[in-house]
Amino acid sequence: MQRNDRTRRLPPEVNRVLYVRNLPFNISADELYALFGKYGAVRQIRVGNGKETRGTAYVVYEDIFDAKTAVDHLSGFNVQNRYLIILYYNATRHKQKLGLKDQEAELRRMQEKHGVDGEQHPAPKK
Ligand code: ADE
């Protein structure tokens, strides 16, 4: 996808969604909003609470530059004696982590959302 003028100078991995690891298990969403909100408007935070996702969160910024500022400032930040690991969201790595069942469920959700069924259909006659 072609980047616009505003985002052209950013490294390609930079995006508005951050994947945060090594969080204390007892950190609240409010504390995360306060911490990440220092660097710009946060659209959404999802804190992992499953067996595999505990200690991780996704943080979505409104603006890509704020996401980059947060990564630059909060990587290695100490919270309750833990050092935050902050990565840009990466769909491939996200999928590798999901089990096959989860991947299939995600596919169904996307098919429903976009009104497609995954089958090939002939092109409409002109
Ligand atoms: N799982 C492991 N690394 C990831 C990343 N960078 N983004 C999303 N999920 C991940």
# chains A, B, ... in the order shown; residues from 1 in each chain; ligands from 1
call {"tool": "residues_near_ligand", "arguments": {"ligand": "ligand 1", "cutoff": "6 Å", "atoms": "only C-alpha atoms and all ligand atoms", "output": "list in words"}}
result
Tyr19, Leu87, Tyr88, Tyr89, Asn90, Ala91, Arg93, His94 and Lys97 of chain A
call {"tool": "select_by_dssp", "arguments": {"residues": "segment 27-84 of chain A", "states": "strand (DSSP E or B)", "output": "number ranges by chain"}}
result
A: 42-47, 57-61, 78-79, 82-83
call {"tool": "write_last_selection", "arguments": {"atoms": "N, CA, C and O atoms", "output": "mmCIF file, in the first residue's frame"}}
result
data_model
loop_
_atom_site.group_PDB
_atom_site.id
_atom_site.type_symbol
_atom_site.label_atom_id
_atom_site.label_comp_id
_atom_site.auth_asym_id
_atom_site.auth_seq_id
_atom_site.Cartn_x
_atom_site.Cartn_y
_atom_site.Cartn_z
ATOM 1 N N VAL A 42 -5.085 7.735 22.792
ATOM 2 C CA VAL A 42 -5.157 6.277 22.650
ATOM 3 C C VAL A 42 -6.589 5.909 22.273
ATOM 4 O O VAL A 42 -7.537 6.307 22.945
ATOM 5 N N ARG A 43 -6.744 5.176 21.204
ATOM 6 C CA ARG A 43 -8.082 4.793 20.758
ATOM 7 C C ARG A 43 -8.607 3.585 21.528
ATOM 8 O O ARG A 43 -9.753 3.517 21.909
ATOM 9 N N GLN A 44 -7.744 2.619 21.788
ATOM 10 C CA GLN A 44 -8.199 1.389 22.432
ATOM 11 C C GLN A 44 -7.032 0.657 23.082
ATOM 12 O O GLN A 44 -5.907 0.709 22.573
ATOM 13 N N ILE A 45 -7.327 0.011 24.199
ATOM 14 C CA ILE A 45 -6.336 -0.886 24.815
ATOM 15 C C ILE A 45 -7.031 -2.201 25.117
ATOM 16 O O ILE A 45 -8.139 -2.219 25.664
ATOM 17 N N ARG A 46 -6.406 -3.288 24.732
ATOM 18 C CA ARG A 46 -6.945 -4.615 25.072
ATOM 19 C C ARG A 46 -5.893 -5.355 25.878
ATOM 20 O O ARG A 46 -4.788 -5.612 25.393
ATOM 21 N N VAL A 47 -6.241 -5.681 27.099
ATOM 22 C CA VAL A 47 -5.310 -6.353 28.002
ATOM 23 C C VAL A 47 -5.589 -7.846 27.951
ATOM 24 O O VAL A 47 -6.736 -8.275 28.094
ATOM 25 N N ALA A 57 -0.578 -6.738 26.079
ATOM 26 C CA ALA A 57 -1.688 -5.843 25.735
ATOM 27 C C ALA A 57 -1.473 -5.302 24.330
ATOM 28 O O ALA A 57 -0.335 -5.239 23.851
ATOM 29 N N TYR A 58 -2.580 -4.948 23.695
ATOM 30 C CA TYR A 58 -2.516 -4.199 22.445
ATOM 31 C C TYR A 58 -2.938 -2.777 22.747
ATOM 32 O O TYR A 58 -3.949 -2.559 23.407
ATOM 33 N N VAL A 59 -2.162 -1.833 22.299
ATOM 34 C CA VAL A 59 -2.464 -0.415 22.496
ATOM 35 C C VAL A 59 -2.601 0.229 21.116
ATOM 36 O O VAL A 59 -1.671 0.141 20.306
ATOM 37 N N VAL A 60 -3.755 0.821 20.864
ATOM 38 C CA VAL A 60 -4.022 1.425 19.551
ATOM 39 C C VAL A 60 -4.052 2.940 19.688
ATOM 40 O O VAL A 60 -4.889 3.482 20.427
ATOM 41 N N TYR A 61 -3.167 3.618 19.013
ATOM 42 C CA TYR A 61 -3.144 5.087 19.001
ATOM 43 C C TYR A 61 -3.989 5.622 17.855
ATOM 44 O O TYR A 61 -4.184 4.950 16.836
ATOM 45 N N ASN A 78 10.433 0.823 33.193
ATOM 46 C CA ASN A 78 10.276 -0.046 34.366
ATOM 47 C C ASN A 78 8.916 0.170 35.024
ATOM 48 O O ASN A 78 8.586 1.276 35.416
ATOM 49 N N VAL A 79 8.130 -0.899 35.109
ATOM 50 C CA VAL A 79 6.831 -0.866 35.789
ATOM 51 C C VAL A 79 6.817 -1.998 36.819
ATOM 52 O O VAL A 79 6.935 -3.174 36.446
ATOM 53 N N ARG A 82 9.429 -4.522 36.401
ATOM 54 C CA ARG A 82 9.518 -5.267 35.140
ATOM 55 C C ARG A 82 9.851 -4.271 34.044
ATOM 56 O O ARG A 82 9.490 -3.100 34.136
ATOM 57 N N TYR A 83 10.508 -4.735 33.005
ATOM 58 C CA TYR A 83 10.882 -3.866 31.904
ATOM 59 C C TYR A 83 9.985 -4.135 30.707
ATOM 60 O O TYR A 83 9.948 -5.263 30.203
#
call {"tool": "select_by_dssp", "arguments": {"residues": "segment 33-97 of chain A", "states": "alpha helix (DSSP H)", "output": "list in words"}}
result
Tyr33, Ala34, Leu35, Phe36, Ile64, Phe65, Asp66, Ala67, Lys68, Thr69, Ala70, Val71, Asp72, His73, Leu74, Ala91, Thr92, Arg93, His94, Lys95, Gln96 and Lys97 of chain A
call {"tool": "write_last_selection", "arguments": {"atoms": "C-alpha atoms", "output": "CSV table (one decimal), in the first residue's frame"}}
result
chain,number,residue,atom,x,y,z
A,33,TYR,CA,-4.2,4.4,29.5
A,34,ALA,CA,-2.5,6.8,31.9
A,35,LEU,CA,1.0,5.5,30.9
A,36,PHE,CA,0.5,5.3,27.1
A,64,ILE,CA,1.0,6.8,14.0
A,65,PHE,CA,3.6,9.4,15.1
A,66,ASP,CA,2.3,9.1,18.7
A,67,ALA,CA,2.7,5.3,18.5
A,68,LYS,CA,6.3,5.8,17.4
A,69,THR,CA,7.0,8.3,20.2
A,70,ALA,CA,5.5,5.8,22.7
A,71,VAL,CA,7.8,3.0,21.4
A,72,ASP,CA,10.8,5.3,21.6
A,73,HIS,CA,10.0,6.4,25.2
A,74,LEU,CA,8.5,3.3,26.8
A,91,ALA,CA,0.0,-9.6,11.6
A,92,THR,CA,2.2,-12.5,10.6
A,93,ARG,CA,3.6,-12.9,14.1
A,94,HIS,CA,0.1,-12.5,15.6
A,95,LYS,CA,-1.1,-15.4,13.4
A,96,GLN,CA,1.9,-17.6,14.2
A,97,LYS,CA,0.9,-17.3,17.8
call {"tool": "atom_distance", "arguments": {"atom1": "atom CA of Thr7 of chain A", "atom2": "atom CA of Asp63 of chain A"}}
result
10.3 Å
call {"tool": "residues_around", "arguments": {"residues": "Leu107 of chain A", "least_positions_apart": "4", "cutoff": "12 Å", "atoms": "only C-alpha atoms", "output": "list in words"}}
result
Lys95, Leu98, Leu100, Lys101, Asp102, Gln103, Gln111, Glu112, Lys113, His114, Gly115, Val116, Asp117 and Gly118 of chain A
call {"tool": "write_last_selection", "arguments": {"atoms": "N, CA and C atoms", "output": "PDB file, in the first residue's frame"}}
result
ATOM      1  N   LYS A  95      -0.501 -14.126  13.870  1.00  0.00           N
ATOM      2  CA  LYS A  95      -1.102 -15.370  13.364  1.00  0.00           C
ATOM      3  C   LYS A  95      -0.316 -16.594  13.802  1.00  0.00           C
ATOM      4  N   LEU A  98      -1.466 -17.647  17.117  1.00  0.00           N
ATOM      5  CA  LEU A  98      -2.810 -18.210  17.219  1.00  0.00           C
ATOM      6  C   LEU A  98      -2.785 -19.687  16.862  1.00  0.00           C
ATOM      7  N   LEU A 100      -4.601 -23.142  15.237  1.00  0.00           N
ATOM      8  CA  LEU A 100      -5.331 -23.337  13.989  1.00  0.00           C
ATOM      9  C   LEU A 100      -6.828 -23.055  14.173  1.00  0.00           C
ATOM     10  N   LYS A 101      -7.373 -23.487  15.292  1.00  0.00           N
ATOM     11  CA  LYS A 101      -8.796 -23.252  15.595  1.00  0.00           C
ATOM     12  C   LYS A 101      -9.097 -21.757  15.618  1.00  0.00           C
ATOM     13  N   ASP A 102      -8.228 -20.997  16.303  1.00  0.00           N
ATOM     14  CA  ASP A 102      -8.415 -19.548  16.398  1.00  0.00           C
ATOM     15  C   ASP A 102      -8.323 -18.908  15.018  1.00  0.00           C
ATOM     16  N   GLN A 103      -7.369 -19.410  14.198  1.00  0.00           N
ATOM     17  CA  GLN A 103      -7.206 -18.846  12.852  1.00  0.00           C
ATOM     18  C   GLN A 103      -8.459 -19.062  12.030  1.00  0.00           C
ATOM     19  N   GLN A 111     -14.851 -13.171   7.081  1.00  0.00           N
ATOM     20  CA  GLN A 111     -15.745 -13.463   5.949  1.00  0.00           C
ATOM     21  C   GLN A 111     -17.116 -12.851   6.200  1.00  0.00           C
ATOM     22  N   GLU A 112     -17.591 -12.979   7.439  1.00  0.00           N
ATOM     23  CA  GLU A 112     -18.897 -12.416   7.793  1.00  0.00           C
ATOM     24  C   GLU A 112     -18.864 -10.891   7.697  1.00  0.00           C
ATOM     25  N   LYS A 113     -17.813 -10.328   8.250  1.00  0.00           N
ATOM     26  CA  LYS A 113     -17.678  -8.870   8.271  1.00  0.00           C
ATOM     27  C   LYS A 113     -17.709  -8.300   6.850  1.00  0.00           C
ATOM     28  N   HIS A 114     -17.023  -8.986   5.930  1.00  0.00           N
ATOM     29  CA  HIS A 114     -16.896  -8.445   4.573  1.00  0.00           C
ATOM     30  C   HIS A 114     -17.874  -9.083   3.593  1.00  0.00           C
ATOM     31  N   GLY A 115     -18.760  -9.930   4.093  1.00  0.00           N
ATOM     32  CA  GLY A 115     -19.797 -10.504   3.232  1.00  0.00           C
ATOM     33  C   GLY A 115     -19.240 -11.373   2.118  1.00  0.00           C
ATOM     34  N   VAL A 116     -18.173 -12.123   2.399  1.00  0.00           N
ATOM     35  CA  VAL A 116     -17.633 -13.046   1.401  1.00  0.00           C
ATOM     36  C   VAL A 116     -17.665 -14.463   1.976  1.00  0.00           C
ATOM     37  N   ASP A 117     -17.570 -15.466   1.093  1.00  0.00           N
ATOM     38  CA  ASP A 117     -17.653 -16.835   1.580  1.00  0.00           C
ATOM     39  C   ASP A 117     -16.388 -17.642   1.301  1.00  0.00           C
ATOM     40  N   GLY A 118     -15.364 -16.989   0.764  1.00  0.00           N
ATOM     41  CA  GLY A 118     -14.106 -17.683   0.519  1.00  0.00           C
ATOM     42  C   GLY A 118     -14.085 -18.475  -0.775  1.00  0.00           C
TER      43      GLY A 118
END
call {"tool": "residues_around", "arguments": {"residues": "Asn26 of chain A", "least_positions_apart": "2", "cutoff": "10 Å", "atoms": "only C-alpha atoms", "output": "PyMOL selection string"}}
result
chain A and resi 23-24+28-29+49+54-55+80
call {"tool": "write_last_selection", "arguments": {"atoms": "C-alpha atoms", "output": "PDB file, in the first residue's frame"}}
result
ATOM      1  CA  LEU A  23       3.469  -6.332  31.852  1.00  0.00           C
ATOM      2  CA  PRO A  24       2.757  -7.047  35.513  1.00  0.00           C
ATOM      3  CA  SER A  28      -5.221  -2.275  35.084  1.00  0.00           C
ATOM      4  CA  ALA A  29      -6.443  -0.846  31.788  1.00  0.00           C
ATOM      5  CA  ASN A  49      -6.262 -12.164  30.457  1.00  0.00           C
ATOM      6  CA  ARG A  54      -1.567 -12.595  30.411  1.00  0.00           C
ATOM      7  CA  GLY A  55       1.077  -9.875  30.712  1.00  0.00           C
ATOM      8  CA  GLN A  80       6.652  -2.645  39.148  1.00  0.00           C
TER       9      GLN A  80
END
call {"tool": "atom_distance", "arguments": {"atom1": "atom CA of Gly50 of chain A", "atom2": "atom CA of Ile86 of chain A"}}
result
19.2 Å
